[in-house]
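Data file: final.txt. Format and content: compact mmCIF, C-alpha atoms and all ligand atoms.
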```txt
# COMPACT_ATOMS: atom_id res chain seq x y z
CA MET A 9 161.94 -35.56 -20.62
CA ARG A 10 164.62 -37.29 -22.64
CA MET A 11 167.54 -38.85 -20.83
CA ILE A 12 170.57 -40.74 -22.14
CA LEU A 13 172.30 -43.57 -20.27
CA LEU A 14 175.92 -43.68 -21.31
CA GLY A 15 178.62 -46.15 -20.29
CA PRO A 16 180.62 -49.22 -21.30
CA PRO A 17 179.10 -52.60 -22.09
CA GLY A 18 177.97 -54.37 -18.93
CA VAL A 19 178.18 -51.32 -16.66
CA GLY A 20 174.50 -51.76 -15.75
CA LYS A 21 172.66 -49.44 -18.16
CA GLY A 22 169.81 -51.91 -18.67
CA THR A 23 169.64 -52.73 -14.95
CA GLN A 24 169.43 -49.09 -13.86
CA ALA A 25 167.08 -48.18 -16.73
CA ARG A 26 164.48 -50.45 -15.15
CA PHE A 27 164.47 -48.44 -11.92
CA LEU A 28 164.52 -45.14 -13.78
CA MET A 29 161.56 -46.11 -15.94
CA GLU A 30 159.47 -46.59 -12.84
CA LYS A 31 160.79 -43.51 -11.08
CA LEU A 32 160.44 -41.18 -14.06
CA GLY A 33 157.44 -42.83 -15.74
CA ALA A 34 159.55 -43.09 -18.88
CA LEU A 35 159.96 -45.70 -21.60
CA GLN A 36 163.32 -47.42 -22.06
CA LEU A 37 164.59 -47.25 -25.60
CA SER A 38 167.46 -49.73 -25.90
CA THR A 39 168.86 -49.98 -29.42
CA GLY A 40 170.53 -53.26 -28.41
CA ASP A 41 167.15 -54.76 -27.37
CA LEU A 42 165.47 -53.47 -30.55
CA LEU A 43 168.23 -54.96 -32.71
CA ARG A 44 168.14 -58.32 -30.90
CA ALA A 45 164.35 -58.47 -31.40
CA ALA A 46 164.87 -57.75 -35.12
CA VAL A 47 167.47 -60.54 -35.34
CA ARG A 48 165.07 -62.97 -33.61
CA ASP A 49 162.22 -61.98 -35.94
CA GLY A 50 164.46 -62.33 -39.00
CA THR A 51 163.56 -58.86 -40.36
CA GLU A 52 165.68 -57.00 -42.95
CA LEU A 53 167.07 -54.85 -40.11
CA GLY A 54 167.97 -57.98 -38.14
CA LYS A 55 169.72 -59.56 -41.11
CA ARG A 56 171.75 -56.41 -41.63
CA ALA A 57 172.66 -56.01 -37.95
CA LYS A 58 173.49 -59.59 -36.91
CA GLY A 59 177.03 -59.84 -38.31
CA TYR A 60 178.09 -56.58 -36.66
CA MET A 61 176.57 -57.55 -33.31
CA ASP A 62 178.08 -61.05 -33.20
CA GLN A 63 181.52 -59.55 -33.74
CA GLY A 64 181.05 -56.75 -31.21
CA GLU A 65 181.17 -54.07 -33.91
CA LEU A 66 178.75 -51.16 -34.07
CA VAL A 67 175.86 -51.31 -36.51
CA PRO A 68 176.26 -48.45 -39.07
CA ASP A 69 175.08 -45.01 -37.93
CA ASP A 70 172.55 -44.57 -40.76
CA VAL A 71 170.80 -47.83 -39.83
CA ILE A 72 170.61 -46.82 -36.16
CA LEU A 73 169.44 -43.28 -36.88
CA GLY A 74 166.71 -44.64 -39.18
CA LEU A 75 165.53 -46.94 -36.40
CA ILE A 76 165.56 -44.14 -33.82
CA ARG A 77 163.66 -41.77 -36.11
CA GLU A 78 160.96 -44.36 -36.70
CA THR A 79 160.64 -45.11 -32.98
CA LEU A 80 160.62 -41.47 -31.82
CA VAL A 81 158.02 -40.44 -34.38
CA GLU A 82 155.85 -43.27 -33.03
CA LEU A 83 156.40 -42.28 -29.37
CA GLY A 84 155.64 -38.57 -29.83
CA ASP A 85 156.51 -36.59 -26.69
CA LYS A 86 156.46 -39.50 -24.20
CA PRO A 87 159.39 -39.40 -21.73
CA VAL A 88 162.23 -41.61 -22.97
CA ILE A 89 165.40 -43.12 -21.50
CA PHE A 90 167.89 -43.94 -24.26
CA ASP A 91 169.96 -47.01 -23.32
CA GLY A 92 172.97 -47.73 -25.53
CA PHE A 93 172.23 -44.88 -27.93
CA PRO A 94 173.89 -42.67 -29.08
CA ARG A 95 177.20 -44.52 -29.36
CA THR A 96 179.16 -42.34 -31.78
CA VAL A 97 179.50 -38.59 -32.27
CA PRO A 98 177.61 -38.77 -35.61
CA GLN A 99 174.73 -40.54 -33.80
CA ALA A 100 174.67 -37.80 -31.13
CA GLU A 101 174.61 -35.12 -33.82
CA GLY A 102 171.88 -37.01 -35.67
CA LEU A 103 169.83 -37.20 -32.46
CA ASP A 104 170.21 -33.45 -31.89
CA ARG A 105 168.98 -32.76 -35.43
CA LEU A 106 166.08 -35.15 -35.09
CA LEU A 107 164.96 -33.71 -31.74
CA ALA A 108 165.23 -30.17 -33.10
CA GLU A 109 162.85 -31.29 -35.85
CA LEU A 110 160.44 -33.05 -33.49
CA GLY A 111 160.61 -30.38 -30.78
CA GLY A 112 162.69 -30.42 -27.59
CA GLY A 113 166.14 -31.83 -26.97
CA VAL A 114 168.17 -34.02 -24.63
CA ASP A 115 167.57 -33.06 -20.98
CA ARG A 116 170.08 -35.21 -19.08
CA VAL A 117 172.98 -37.56 -19.78
CA LEU A 118 173.89 -40.01 -17.05
CA GLU A 119 177.23 -41.73 -17.49
CA LEU A 120 177.92 -44.89 -15.46
CA THR A 121 181.56 -45.92 -14.99
CA VAL A 122 183.39 -49.14 -14.05
CA ASP A 123 186.79 -50.51 -15.07
CA ASP A 124 187.29 -52.99 -17.91
CA GLU A 125 187.99 -56.01 -15.67
CA GLU A 126 184.67 -55.58 -13.87
CA VAL A 127 182.93 -55.40 -17.27
CA VAL A 128 184.46 -58.73 -18.26
CA ARG A 129 183.44 -60.26 -14.91
CA ARG A 130 179.84 -59.02 -15.15
CA LEU A 131 179.28 -59.91 -18.79
CA SER A 132 180.86 -63.38 -18.61
CA ALA A 133 178.35 -64.21 -15.85
CA ARG A 134 175.25 -62.55 -17.37
CA ARG A 135 172.26 -64.73 -18.24
CA CYS A 136 169.10 -63.40 -19.91
CA CYS A 137 165.52 -64.55 -20.35
CA PRO A 138 164.66 -64.01 -24.03
CA LYS A 139 160.94 -64.36 -23.20
CA ASP A 140 160.41 -61.63 -20.57
CA GLY A 141 163.71 -59.71 -20.75
CA ALA A 142 164.81 -60.49 -17.16
CA VAL A 143 168.58 -60.22 -16.64
CA TYR A 144 170.54 -62.26 -14.08
CA ASN A 145 174.14 -62.64 -13.06
CA LEU A 146 175.63 -65.93 -11.90
CA LEU A 147 178.03 -64.06 -9.58
CA TYR A 148 175.98 -61.13 -8.32
CA ASN A 149 172.31 -61.86 -8.88
CA PRO A 150 171.82 -65.57 -9.62
CA PRO A 151 168.46 -67.08 -10.59
CA ARG A 152 166.88 -69.32 -7.93
CA ALA A 153 167.25 -72.41 -10.13
CA ASP A 154 170.15 -72.85 -12.53
CA SER A 155 169.39 -71.57 -16.03
CA VAL A 156 165.66 -71.01 -15.40
CA CYS A 157 163.94 -67.61 -15.21
CA ASP A 158 162.52 -66.85 -11.71
CA ARG A 159 159.63 -64.93 -13.21
CA CYS A 160 158.39 -67.04 -16.15
CA GLY A 161 160.17 -70.38 -15.71
CA GLY A 162 161.59 -70.15 -19.25
CA PRO A 163 165.18 -71.21 -20.13
CA LEU A 164 167.93 -68.59 -19.67
CA ILE A 165 170.45 -67.94 -22.40
CA GLN A 166 173.87 -66.34 -22.71
CA ARG A 167 174.01 -63.54 -25.27
CA ASP A 168 176.09 -64.41 -28.37
CA ASP A 169 178.23 -61.31 -27.79
CA ASP A 170 178.99 -62.19 -24.15
CA LYS A 171 181.90 -64.48 -25.10
CA PRO A 172 185.24 -63.32 -23.60
CA GLU A 173 186.90 -62.40 -26.93
CA VAL A 174 183.82 -60.49 -28.13
CA ILE A 175 183.50 -58.68 -24.77
CA ARG A 176 187.11 -57.45 -25.13
CA HIS A 177 186.39 -56.20 -28.61
CA ARG A 178 183.18 -54.41 -27.51
CA LEU A 179 185.28 -52.66 -24.84
CA ALA A 180 187.85 -51.53 -27.42
CA VAL A 181 185.06 -50.24 -29.67
CA TYR A 182 183.56 -48.44 -26.69
CA HIS A 183 186.82 -46.68 -25.78
CA GLN A 184 187.42 -45.67 -29.36
CA GLN A 185 183.99 -44.68 -30.63
CA THR A 186 181.69 -44.05 -27.66
CA GLU A 187 183.89 -42.52 -24.97
CA PRO A 188 184.23 -39.23 -26.92
CA LEU A 189 180.54 -38.67 -26.16
CA SER A 190 181.43 -37.76 -22.55
CA ASP A 191 183.14 -34.63 -23.84
CA TYR A 192 180.34 -33.98 -26.32
CA TYR A 193 177.73 -33.89 -23.55
CA ARG A 194 179.98 -32.30 -20.94
CA GLY A 195 180.43 -29.47 -23.42
CA ALA A 196 176.67 -29.18 -23.70
CA GLY A 197 176.40 -28.96 -19.88
CA LEU A 198 174.26 -32.12 -19.71
CA LEU A 199 176.63 -34.76 -18.29
CA VAL A 200 176.33 -36.31 -14.82
CA ARG A 201 178.83 -39.08 -13.94
CA VAL A 202 178.04 -41.85 -11.48
CA ASN A 203 180.38 -44.54 -10.18
CA GLY A 204 178.91 -47.90 -11.29
CA ASP A 205 180.96 -50.01 -8.83
CA GLY A 206 179.27 -51.75 -5.92
CA THR A 207 175.95 -53.53 -5.64
CA VAL A 208 172.95 -52.81 -7.87
CA ASP A 209 171.24 -51.05 -4.94
CA GLU A 210 174.29 -48.92 -4.11
CA VAL A 211 174.47 -47.77 -7.73
CA ARG A 212 170.70 -47.13 -7.80
CA ARG A 213 170.98 -44.87 -4.75
CA ARG A 214 173.90 -42.97 -6.31
CA VAL A 215 171.89 -42.50 -9.49
CA GLU A 216 168.91 -41.18 -7.54
CA ASP A 217 171.14 -38.75 -5.61
CA ALA A 218 172.75 -37.56 -8.83
CA LEU A 219 169.37 -36.86 -10.40
CA ALA A 220 167.81 -35.24 -7.31
P1 LIG B 1 173.75 -53.34 -26.19
O1 LIG B 1 172.70 -54.34 -26.00
O2 LIG B 1 173.44 -51.91 -26.01
O3 LIG B 1 174.98 -53.77 -25.28
P2 LIG B 1 176.04 -52.92 -24.44
O4 LIG B 1 176.09 -51.46 -24.57
O5 LIG B 1 177.30 -53.61 -24.79
O6 LIG B 1 175.58 -53.07 -23.00
P3 LIG B 1 175.00 -54.33 -22.30
O7 LIG B 1 173.56 -54.50 -22.61
O8 LIG B 1 175.91 -55.51 -22.58
O9 LIG B 1 175.24 -53.95 -20.77
P4 LIG B 1 174.37 -53.03 -19.79
O10 LIG B 1 175.15 -51.81 -19.49
O11 LIG B 1 172.96 -52.88 -20.24
O12 LIG B 1 174.46 -53.95 -18.48
P5 LIG B 1 173.34 -54.84 -17.76
O13 LIG B 1 172.41 -53.98 -17.00
O14 LIG B 1 172.78 -55.87 -18.67
O15 LIG B 1 174.37 -53.49 -27.66
C1 LIG B 1 174.69 -54.75 -28.19
C2 LIG B 1 175.20 -54.60 -29.63
O16 LIG B 1 174.16 -54.03 -30.46
C3 LIG B 1 176.40 -53.65 -29.82
O17 LIG B 1 177.63 -54.30 -29.61
C4 LIG B 1 176.21 -53.21 -31.29
O18 LIG B 1 176.61 -54.20 -32.18
C5 LIG B 1 174.69 -53.09 -31.39
N1 LIG B 1 174.21 -51.73 -31.03
C6 LIG B 1 173.35 -51.40 -30.02
N2 LIG B 1 173.12 -50.08 -29.99
C7 LIG B 1 173.85 -49.54 -31.00
C8 LIG B 1 174.05 -48.22 -31.48
N3 LIG B 1 173.45 -47.16 -30.90
N4 LIG B 1 174.88 -48.03 -32.53
C9 LIG B 1 175.50 -49.08 -33.14
N5 LIG B 1 175.35 -50.36 -32.74
C10 LIG B 1 174.55 -50.59 -31.68
O19 LIG B 1 174.30 -55.57 -16.67
C11 LIG B 1 175.31 -56.46 -17.08
C12 LIG B 1 175.42 -57.63 -16.10
O20 LIG B 1 175.90 -57.15 -14.84
C13 LIG B 1 174.08 -58.33 -15.77
O21 LIG B 1 174.32 -59.68 -15.55
C14 LIG B 1 173.61 -57.63 -14.48
O22 LIG B 1 172.78 -58.46 -13.71
C15 LIG B 1 174.93 -57.33 -13.81
N6 LIG B 1 174.96 -56.10 -13.02
C16 LIG B 1 174.35 -54.90 -13.29
N7 LIG B 1 174.66 -53.98 -12.34
C17 LIG B 1 175.49 -54.61 -11.45
C18 LIG B 1 176.15 -54.19 -10.25
N8 LIG B 1 176.04 -52.95 -9.76
N9 LIG B 1 176.91 -55.10 -9.61
C19 LIG B 1 177.05 -56.37 -10.08
N10 LIG B 1 176.45 -56.82 -11.21
C20 LIG B 1 175.68 -55.95 -11.89
MG MG B 2 171.87 -53.53 -21.97
```
Before we go any further, please render this structure as structure tokens.
Amino acid sequence: MRMILLGPPGVGKGTQARFLMEKLGALQLSTGDLLRAAVRDGTELGKRAKGYMDQGELVPDDVILGLIRETLVELGDKPVIFDGFPRTVPQAEGLDRLLAELGGGVDRVLELTVDDEEVVRRLSARRCCPKDGAVYNLLYNPPRADSVCDRCGGPLIQRDDDKPEVIRHRLAVYHQQTEPLSDYYRGAGLLVRVNGDGTVDEVRRRVEDALA
């Protein structure tokens, strides 16, 4: 089982991926999380990616496809949920080629939708725990104590790319480079669209209904 979570920045891909992992017994493969870990560890990949990420630009397709190849070869045929990948038509084509080589293909593409203003609201209020990956929202899902992770007690941070001007640019990049993937996967008969408005639980129930 290989499923893709598609949708604009801040729509809730990471949030819903957590539920889906449990429900489907799948691993979450977030290129954003992998890249942020590489930046933190100061690897060659991280050094190459950081400038793009801080500006809200996409990291070049060849870098991303190299990373995905490496990860998929390691994972073998374990069920995977792709979160934030693919993000361009060349990445989607590269994934198709890679999966043809490894055996199998993409089984489902779930697209979450919300409008741009809601994206800005959600991302401006997001706080993350770099230690255990927990994600909070000061408006919708605040931590019990200000700027401290409920689970591990570590300090919460704001992502460097969650500044208002960078959020706007990520949205523009999304509309230009990633949105065409809806048509790509609709054409392949794989696309299911789910309204991402409403509470986390409302969206989770819609996702479950759409996949049932
Ligand atoms: P990435 O990390 O993938 O960021 P993104 O796609 O912009 O998405 P986000 O992680 O910001 O949002 P999300 O949809 O996961 O929302 P979340 O669940 O956290 O990529 C970052 C950068 O890395 C890119 O800009 C690029 O530079 C690079 N990159 C990554 N992949 C790449 C690729 N394939 N190719 C090239 N470059 C790549 O939720 C957001 C907030 O809202 C949270 O605070 C959450 O608590 C809250 N929330 C969630 N659901 C709800 C709800 N229903 N109601 C209210 N609040 C909610
Ligand atoms: Mg995410």
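Nearest to Pro87 of chain A of all the residues A:Asp115, A:Gly162, A:Val71, A:Met9 is A:Met9, counting only C-alpha atoms.
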Polymer residues at most 12 Å from segment 140-152 of chain A, all atoms listed in the file, same-chain spacing of 3 or more positions, as a PyMOL selection string:
chain A and resi 18+20-24+26+38+41-42+44-45+126+129-137+155-167+206-209
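Interatomic distance, atom CA of Tyr182 of chain A to atom CA of Asp85 of chain A: 29.5 Å.
Atom CA of Val114 of chain A is positioned 20.0 Å from atom MG of ligand MG 2 (chain B).
Proximity ranking of A:Gly74, A:Gly92, A:Pro172, A:Leu110 relative to ligand MG 2 (chain B) places A:Gly92 first, based on only C-alpha atoms and all ligand atoms.
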Please list, as JSON, numbers by chain, the residues that have an atom at most 6 Å away from (161.6, -45.6, -29.5) in the coordinates of this file, counting only C-alpha atoms.
{"A": [37, 79, 80]}
In Å, rounded to a single decimal, give me how far atom CA of Asp70 of chain A is from atom CA of Ala108 of chain A.
17.9 Å
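Nearest to ligand LIG 1 (chain B) of all the residues A:Leu83, A:Val117, A:Gln185, A:Gly33 is A:Gln185, based on only C-alpha atoms and all ligand atoms.
Remark: for Pro138 of chain A, the closest of the candidate residues A:Leu120, A:Val202, A:Arg48, A:Ala153 is A:Arg48 (distances computed over only C-alpha atoms).
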Calculated over only C-alpha atoms, which of the candidates A:Ile89, A:Ile76, A:Ile175, A:Leu103 has the smallest distance to Arg116 of chain A?
A:Ile89
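The nearest approach to ligand LIG 1 (chain B) among the residues A:Glu216, A:Asp154, A:Glu109, A:Asp168, with only C-alpha atoms and all ligand atoms taken into account, belongs to A:Asp168.
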Fewer than 3 positions away in the same chain doesn't count, so skip those; otherwise give me all residues within 12 Å of Ala100 of chain A, counting only C-alpha atoms, as a count of residues only.
31
Each side padded by 8 Å, which centre and which edge lengths in Å (one decimal) define the axis-aligned box around the listed atoms of ligand LIG 1 (chain B)? Give them as JSON.
```
{"center_x": 175.0, "center_y": -53.4, "center_z": -21.4, "size_x": 21.2, "size_y": 28.5, "size_z": 39.5}
```
Which residues, written as a VMD selection string, have at least one atom at most 6 Å from segment 57-68 of chain A, with only C-alpha atoms counted and residues fewer than 3 positions away on the same chain left out?
chain A and resid 54 71 169 174 177 to 178
